[in-house]
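S.K.: Submitted below is the structure of interest, expressed as structure tokens.
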Amino acid sequence: MTAMINFAGGRGGHAPVVGNCAPESLVKAAFSYGTTARVPLLWINSENDTYFDPKLVNRMVEAYGKGGGRAVHRPVGPFGQDGHTLAGND
């Protein structure tokens, strides 16, 4: 079976803005990606990700699904000082 894993996926954030600089664009992009996705996606994010807060991630996952993408969302608890580094250092 083919699938994709998304670790804290997105674009934008931090300097000089804490959080994300274009959340609405990310939600729209997630919808668009969902329209062309052909394999399931496992979406993982940390509770203390300073780039993509849990509310934004939930909106992105929902938009991806509305676009037709199949995603399983598995949020995890806090990770270190910034959960954005869950899958590696930035």
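Lettering and numbering for the structure tokens are positional, with chains as A, B, ... in the shown order, residues counted from 1 in each chain, and ligands counted from 1 in the shown order.
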With a distance cut-off of 12 Å and only C-alpha atoms, select the neighbouring residues of Ser25 in chain A, excluding the residue or stretch itself and same-chain residues fewer than 4 positions from it, and output the selection as number ranges by chain.

M.R.: A: 10-12, 20-21, 29-32, 56, 59-60, 63

S.K.: Quick one: everything within 9 Å of Val57 in chain A, counting only C-alpha atoms, minus sequence neighbours fewer than 5 positions away in the same chain. Send it as a list in words.

M.R.: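 Near neighbours after the sequence-gap exclusion: Ala8, Gly9, Val27, Asn45, Phe52 and Glu62 of chain A.
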
S.K.: Selected residues, N, CA and C atoms, written as a compact mmCIF listing (two decimals), in the first residue's frame, please.

M.R.:
```txt
# COMPACT_ATOMS: atom_id res chain seq x y z
N ALA A 8 3.95 17.98 10.50
CA ALA A 8 3.91 19.44 10.67
C ALA A 8 4.02 20.15 9.33
N GLY A 9 3.28 19.67 8.36
CA GLY A 9 3.38 20.21 7.01
C GLY A 9 2.72 21.56 6.84
N VAL A 27 -5.05 26.85 4.38
CA VAL A 27 -6.33 26.12 4.35
C VAL A 27 -6.77 25.93 2.89
N ASN A 45 0.98 16.05 13.90
CA ASN A 45 1.48 17.34 14.38
C ASN A 45 1.51 17.33 15.90
N PHE A 52 2.39 25.81 13.31
CA PHE A 52 1.05 25.36 12.93
C PHE A 52 0.30 24.91 14.19
N GLU A 62 -9.40 19.32 7.72
CA GLU A 62 -10.79 19.35 7.29
C GLU A 62 -10.91 19.80 5.82
```

S.K.: Please indicate the distance in Å from CA of Glu47 in chain A to CA of His84 in chain A, rounded to one decimal place.

M.R.: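 Going from CA of Glu47 in chain A over to CA of His84 in chain A covers 9.2 Å.
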
S.K.: Enumerate, as a list in words, the complete set of residues in range 1-52 of chain A that a backbone-based DSSP assignment places in strand (DSSP E or B).

M.R.: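 The strand (DSSP E or B) residues within range 1-52 of chain A come out as Met4, Ile5, Asn6, Phe7, Leu41, Leu42, Trp43, Ile44, Asn45 and Ser46 of chain A.
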
S.K.: Kindly export the residues of the current selection with N, CA and C atoms, as a tab-separated table (two decimals), in the first residue's frame.

M.R.:
```
chain	number	residue	atom	x	y	z
A	4	MET	N	1.24	8.57	2.27
A	4	MET	CA	2.13	9.69	2.59
A	4	MET	C	2.03	9.99	4.07
A	5	ILE	N	3.09	10.57	4.62
A	5	ILE	CA	3.09	11.03	6.01
A	5	ILE	C	3.43	12.51	5.99
A	6	ASN	N	2.62	13.29	6.68
A	6	ASN	CA	2.82	14.72	6.80
A	6	ASN	C	3.20	15.02	8.24
A	7	PHE	N	4.44	15.43	8.46
A	7	PHE	CA	4.90	15.86	9.79
A	7	PHE	C	4.90	17.38	9.80
A	41	LEU	N	-3.24	9.80	3.47
A	41	LEU	CA	-2.26	10.65	4.15
A	41	LEU	C	-2.40	10.49	5.66
A	42	LEU	N	-1.29	10.25	6.32
A	42	LEU	CA	-1.24	10.27	7.78
A	42	LEU	C	-0.68	11.62	8.17
A	43	TRP	N	-1.47	12.43	8.87
A	43	TRP	CA	-1.11	13.81	9.22
A	43	TRP	C	-0.77	13.84	10.70
A	44	ILE	N	0.48	14.16	11.03
A	44	ILE	CA	0.95	14.17	12.41
A	44	ILE	C	1.43	15.57	12.77
A	45	ASN	N	0.98	16.05	13.90
A	45	ASN	CA	1.48	17.34	14.38
A	45	ASN	C	1.51	17.33	15.90
A	46	SER	N	2.34	18.17	16.45
A	46	SER	CA	2.50	18.26	17.90
A	46	SER	C	1.64	19.39	18.46
```

S.K.: Would you please extract all helix (DSSP H, G or I) residues from chain A, as assigned by DSSP on the backbone, and give them as a PyMOL selection string?

M.R.: chain A and resi 23-36+54-66+83-85

S.K.: At what distance in Å, to one decimal, does CA of Gly67 in chain A lie from CA of Ala37 in chain A?

M.R.: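 One can read the CA of Ala37 in chain A to CA of Gly67 in chain A distance as 8.9 Å.
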
S.K.: Point out the residue among A:Ala3, A:Asn48, A:Pro23, A:Gly65 with the least atom-to-atom distance to Gly80 in chain A, counting only C-alpha atoms.

M.R.: A:Asn48
